[in-house]
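Structure first, then comments.
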Amino acid sequence: MSIIVLGVELVSQSYTTYNTVAASMFTFWDYLLTFGDEVDLVWRSPFSWVTIMFYVIRYLTFFIRIAHLVFCTNAFGVVHVTASDCTIWRWFQVLSGQFLFCAIEILLITRVFAFYGRKKSLLAVLLLLLAAELSAMISLVAISLPMEVAKPNPIPHIHAAPCIGISQPKMFSSLWVPPLIMQSILFVLLLGRYFWTREETRPGSSSVLGVFFRDHAWAFLLIFAVCLWATLSYELTDHLGEVALTWTYTVLGFCGSRLILNLRSAGREGKGGNATFEDSELVFTSILDPLGSREIETTIVQASF
């Protein structure tokens, strides 16, 4: 590798490193802001599967961010790697991200399932779509990642990335297409269910169901935006793709934990007349079906949202 090429690689990697630090600091900052809510709304609430989902999303993101901060910035000047180590690190980055994506998708599917009155037929379709999404992503990873090229930094030092010259095949950019499709389907379902409800029973912005819909809307926009950003960035240059990848973890962790905390907080305060929050149960009441022909009976989601 010539001096000029090496210099370009180091400058490009420093840009990625700065974004890794920024994304990590955002995660730590959000953790400090919401730690009190976590203690009050999660630690002191009845244990449920949603509690498990919260811990998985929250602390997997935290672990990934710490690992990136230590490895990608060589924060303590102790990371000395070989080409094999770079390969192992890339597998860790991608697979941990896929696991985080899967956790978020399960959480969002459950919310749509609850909003549709726990219709098992809908759940079956959504789980099939999730299986198809995961199969597509695993296939893309299995095909593209072994073709990736990454070299150890020949002059490692503090705040320098240990691996440089990262180059992925073009198909790697397609890794974010399945989540884009799945997120769009879930949001369209939620949007339709919300706006097909009669005007007089539609949850307002101050109700629990209003919070439910509002949070799902901004979470969809954030996740959709970061997936689209990653797809387009990897099509342009691998270094831009790496920047998008490091922010993807932060966005997923932020959305997942906030979706649970915000809804529990709204339920605890007992906002609105269309839904209440009692103990560990989210109660949907007086939601009309999409055709407006009859009221769906009170649906109690045994899911400690």
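Scheme for the structure tokens: letters A, B, ... for chains in order shown; per-chain residue numbers from 1; ligand numbers from 1 in order shown.
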
Distance query A:Leu245 at most 10 Å, only C-alpha atoms, self and fewer than 5 positions along chain excluded, as JSON, numbers by chain
{"A": [16, 20, 93, 94, 97, 226, 227, 229, 230, 231, 233, 234, 239, 240, 250]}

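The residue set within 12 Å of A:Ala142, counting only C-alpha atoms and dropping same-chain residues fewer than 2 places from it, reads Trp91, Val94, Leu95, Leu134, Ser135, Ala136, Met137, Ile138, Ser139, Leu140, Ser144, Leu145, Pro146, Met147, Glu148, Met171, Phe172 and Leu175 of chain A.
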
Which residues of stretch 173-258 of chain A have any atom within 12 Å of an atom in stretch 48-53 of chain A when counting only C-alpha atoms, and what is the closest pair of atoms for each, with the distance in Å to one decimal? Order the rows by chain and rising number and write it as CSV.
residue,atom,partner,partner_atom,distance
A:Gly253,CA,A:Met53,CA,11.1
A:Gly256,CA,A:Met53,CA,8.7
A:Ser257,CA,A:Met53,CA,8.9

Excluding stretch 129-133 of chain A and residues on its chain fewer than 4 positions from it, collect all residues at most 7 Å away from it, counting only C-alpha atoms, and give them as a list in words.
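With the cut-off at 7 Å, the set is Val125, Met137, Pro178 and Pro179 of chain A.
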
Save out the residues we just selected, all heavy atoms, as a tab-separated table (two decimals), in the first residue's frame.
chain	number	residue	atom	x	y	z
A	125	VAL	N	-49.26	-13.89	9.54
A	125	VAL	CA	-48.72	-13.26	8.32
A	125	VAL	C	-47.47	-12.45	8.64
A	125	VAL	O	-46.46	-12.52	7.92
A	125	VAL	CB	-49.79	-12.36	7.67
A	125	VAL	CG1	-49.18	-11.55	6.53
A	125	VAL	CG2	-50.95	-13.21	7.15
A	137	MET	N	-31.82	-11.44	4.84
A	137	MET	CA	-30.67	-10.76	5.43
A	137	MET	C	-29.53	-11.73	5.74
A	137	MET	O	-28.35	-11.43	5.49
A	137	MET	CB	-31.10	-10.03	6.70
A	137	MET	CG	-32.09	-8.90	6.46
A	137	MET	SD	-32.69	-8.09	7.97
A	137	MET	CE	-31.26	-7.11	8.42
A	178	PRO	N	-34.48	-5.44	2.96
A	178	PRO	CA	-35.55	-6.16	3.67
A	178	PRO	C	-36.12	-5.39	4.86
A	178	PRO	O	-37.36	-5.34	5.01
A	178	PRO	CB	-34.87	-7.47	4.10
A	178	PRO	CG	-33.80	-7.69	3.07
A	178	PRO	CD	-33.29	-6.32	2.76
A	179	PRO	N	-35.28	-4.78	5.72
A	179	PRO	CA	-35.87	-3.97	6.80
A	179	PRO	C	-36.69	-2.79	6.30
A	179	PRO	O	-37.71	-2.44	6.92
A	179	PRO	CB	-34.65	-3.50	7.60
A	179	PRO	CG	-33.59	-4.48	7.32
A	179	PRO	CD	-33.82	-4.91	5.90

Check the smallest atom-to-atom distance from each of A:Ser84, A:Ser173, A:Ser121, A:Ser184 to A:Ala244 using only C-alpha atoms, then report the winner.
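Selected residue with least distance to A:Ala244: A:Ser173.
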
At a cut-off of 12 Å, can you tabulate as a tab-separated table every residue of stretch 178-270 of chain A near stretch 57-67 of chain A together with its closest atom pair and the distance in Å to one decimal, using only C-alpha atoms and ordering rows by chain then number?
residue	atom	partner	partner_atom	distance
A:Leu245	CA	A:Arg65	CA	11.7
A:Thr246	CA	A:Arg65	CA	8.5
A:Trp247	CA	A:Arg65	CA	9.8
A:Thr248	CA	A:Thr61	CA	10.1
A:Tyr249	CA	A:Thr61	CA	6.3
A:Thr250	CA	A:Thr61	CA	6.8
A:Val251	CA	A:Thr61	CA	9.4
A:Leu252	CA	A:Thr61	CA	7.9
A:Gly253	CA	A:Thr61	CA	5.4
A:Phe254	CA	A:Arg58	CA	7.8
A:Cys255	CA	A:Ile57	CA	9.3
A:Gly256	CA	A:Ile57	CA	6.3
A:Ser257	CA	A:Arg58	CA	5.9
A:Arg258	CA	A:Arg58	CA	9.5
A:Leu259	CA	A:Ile57	CA	11.0
A:Ile260	CA	A:Ile57	CA	10.5
A:Leu261	CA	A:Arg58	CA	11.0

Output file for the residues above (all heavy atoms, as a tab-separated table (two decimals), in the first residue's frame):
chain	number	residue	atom	x	y	z
A	245	LEU	N	-23.49	2.75	9.20
A	245	LEU	CA	-23.61	1.54	10.01
A	245	LEU	C	-23.48	1.85	11.50
A	245	LEU	O	-24.26	1.34	12.32
A	245	LEU	CB	-22.53	0.53	9.60
A	245	LEU	CG	-22.51	-0.79	10.37
A	245	LEU	CD1	-23.81	-1.56	10.17
A	245	LEU	CD2	-21.31	-1.64	9.94
A	246	THR	N	-22.52	2.69	11.86
A	246	THR	CA	-22.31	2.98	13.28
A	246	THR	C	-23.48	3.75	13.88
A	246	THR	O	-23.82	3.56	15.05
A	246	THR	CB	-20.99	3.75	13.50
A	246	THR	OG1	-20.63	3.68	14.88
A	246	THR	CG2	-21.10	5.21	13.09
A	247	TRP	N	-24.16	4.57	13.07
A	247	TRP	CA	-25.34	5.28	13.57
A	247	TRP	C	-26.57	4.38	13.61
A	247	TRP	O	-27.51	4.65	14.36
A	247	TRP	CB	-25.62	6.52	12.73
A	247	TRP	CG	-24.76	7.68	13.11
A	247	TRP	CD1	-23.64	8.14	12.47
A	247	TRP	CD2	-24.93	8.52	14.26
A	247	TRP	NE1	-23.11	9.21	13.13
A	247	TRP	CE2	-23.87	9.48	14.24
A	247	TRP	CE3	-25.85	8.58	15.28
A	247	TRP	CZ2	-23.74	10.46	15.21
A	247	TRP	CZ3	-25.72	9.56	16.26
A	247	TRP	CH2	-24.67	10.49	16.21
A	248	THR	N	-26.57	3.31	12.80
A	248	THR	CA	-27.71	2.40	12.79
A	248	THR	C	-27.93	1.77	14.16
A	248	THR	O	-29.06	1.70	14.66
A	248	THR	CB	-27.49	1.29	11.74
A	248	THR	OG1	-27.39	1.87	10.45
A	248	THR	CG2	-28.67	0.31	11.74
A	249	TYR	N	-26.84	1.32	14.80
A	249	TYR	CA	-26.97	0.72	16.13
A	249	TYR	C	-27.60	1.70	17.12
A	249	TYR	O	-28.48	1.34	17.91
A	249	TYR	CB	-25.60	0.29	16.67
A	249	TYR	CG	-24.80	-0.60	15.76
A	249	TYR	CD1	-23.59	-0.18	15.23
A	249	TYR	CD2	-25.24	-1.88	15.45
A	249	TYR	CE1	-22.85	-1.00	14.40
A	249	TYR	CE2	-24.50	-2.71	14.62
A	249	TYR	CZ	-23.30	-2.26	14.09
A	249	TYR	OH	-22.58	-3.07	13.27
A	250	THR	N	-27.11	2.93	17.07
A	250	THR	CA	-27.62	3.94	18.01
A	250	THR	C	-29.09	4.23	17.79
A	250	THR	O	-29.86	4.33	18.75
A	250	THR	CB	-26.79	5.24	17.86
A	250	THR	OG1	-25.46	5.00	18.33
A	250	THR	CG2	-27.40	6.38	18.67
A	251	VAL	N	-29.50	4.37	16.53
A	251	VAL	CA	-30.91	4.66	16.22
A	251	VAL	C	-31.81	3.51	16.67
A	251	VAL	O	-32.87	3.73	17.27
A	251	VAL	CB	-31.08	4.94	14.72
A	251	VAL	CG1	-32.56	4.96	14.33
A	251	VAL	CG2	-30.43	6.26	14.34
A	252	LEU	N	-31.40	2.28	16.41
A	252	LEU	CA	-32.21	1.12	16.79
A	252	LEU	C	-32.37	1.04	18.31
A	252	LEU	O	-33.47	0.81	18.83
A	252	LEU	CB	-31.58	-0.16	16.26
A	252	LEU	CG	-31.60	-0.36	14.74
A	252	LEU	CD1	-30.86	-1.65	14.36
A	252	LEU	CD2	-33.03	-0.41	14.21
A	253	GLY	N	-31.27	1.23	19.03
A	253	GLY	CA	-31.33	1.18	20.48
A	253	GLY	C	-32.18	2.30	21.06
A	253	GLY	O	-32.96	2.08	22.00
A	254	PHE	N	-32.06	3.49	20.50
A	254	PHE	CA	-32.84	4.64	20.94
A	254	PHE	C	-34.32	4.39	20.73
A	254	PHE	O	-35.14	4.59	21.64
A	254	PHE	CB	-32.38	5.88	20.19
A	254	PHE	CG	-33.23	7.11	20.43
A	254	PHE	CD1	-33.06	7.86	21.59
A	254	PHE	CD2	-34.19	7.50	19.51
A	254	PHE	CE1	-33.84	8.99	21.82
A	254	PHE	CE2	-34.98	8.62	19.74
A	254	PHE	CZ	-34.80	9.37	20.90
A	255	CYS	N	-34.69	3.94	19.53
A	255	CYS	CA	-36.11	3.73	19.22
A	255	CYS	C	-36.70	2.63	20.09
A	255	CYS	O	-37.80	2.79	20.64
A	255	CYS	CB	-36.27	3.37	17.74
A	255	CYS	SG	-35.92	4.73	16.60
A	256	GLY	N	-36.00	1.51	20.21
A	256	GLY	CA	-36.54	0.39	20.96
A	256	GLY	C	-36.82	0.72	22.42
A	256	GLY	O	-37.91	0.44	22.94
A	257	SER	N	-35.85	1.33	23.08
A	257	SER	CA	-36.03	1.64	24.50
A	257	SER	C	-37.06	2.74	24.71
A	257	SER	O	-37.88	2.67	25.64
A	257	SER	CB	-34.69	2.05	25.13
A	257	SER	OG	-34.15	3.19	24.48
A	258	ARG	N	-37.07	3.74	23.84
A	258	ARG	CA	-38.04	4.84	23.98
A	258	ARG	C	-39.48	4.38	23.72
A	258	ARG	O	-40.41	4.87	24.35
A	258	ARG	CB	-37.68	5.97	23.02
A	258	ARG	CG	-36.43	6.74	23.40
A	258	ARG	CD	-36.70	7.70	24.53
A	258	ARG	NE	-35.53	8.51	24.86
A	258	ARG	CZ	-35.57	9.66	25.51
A	258	ARG	NH1	-36.73	10.12	25.92
A	258	ARG	NH2	-34.47	10.31	25.79
A	259	LEU	N	-39.67	3.47	22.78
A	259	LEU	CA	-41.02	2.98	22.51
A	259	LEU	C	-41.63	2.35	23.76
A	259	LEU	O	-42.82	2.56	24.06
A	259	LEU	CB	-40.99	1.94	21.37
A	259	LEU	CG	-40.82	2.48	19.95
A	259	LEU	CD1	-40.63	1.34	18.97
A	259	LEU	CD2	-41.99	3.36	19.54
A	260	ILE	N	-40.84	1.59	24.47
A	260	ILE	CA	-41.35	0.93	25.67
A	260	ILE	C	-41.50	1.91	26.82
A	260	ILE	O	-42.54	1.95	27.50
A	260	ILE	CB	-40.41	-0.23	26.07
A	260	ILE	CG1	-40.42	-1.31	24.98
A	260	ILE	CG2	-40.83	-0.83	27.41
A	260	ILE	CD1	-39.43	-2.42	25.18
A	261	LEU	N	-40.48	2.73	27.06
A	261	LEU	CA	-40.54	3.67	28.19
A	261	LEU	C	-41.65	4.71	28.02
A	261	LEU	O	-42.35	5.03	28.98
A	261	LEU	CB	-39.19	4.37	28.35
A	261	LEU	CG	-38.02	3.51	28.85
A	261	LEU	CD1	-36.73	4.33	28.88
A	261	LEU	CD2	-38.32	2.95	30.24

Using only C-alpha atoms, can you tell me which of A:Phe115, A:Val211, A:Leu232, A:Gln168 comes closest to A:Arg193?
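Closest residue, counting only C-alpha atoms: A:Phe115.
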
Just checking: using only C-alpha atoms, which residue out of A:Leu189, A:Tyr18, A:Leu32, A:Thr82 ends up closest to A:Leu126?
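Of A:Leu189, A:Tyr18, A:Leu32, A:Thr82, the one nearest A:Leu126 is A:Leu189, counting only C-alpha atoms.
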
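Atom CA of A:Phe99 to atom CA of A:Val141 spans 12.6 Å [interatomic distance, one decimal].
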
Using only C-alpha atoms, the best pick from A:Thr17, A:Thr34, A:Ser45, A:Ser24 as closest to A:Arg268 would be A:Ser45

Calculate how many Å separate atom CA of A:Trp176 from atom CA of A:Asn262, rounding to one decimal.
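Between atom CA of A:Trp176 and atom CA of A:Asn262 the gap is 26.7 Å.
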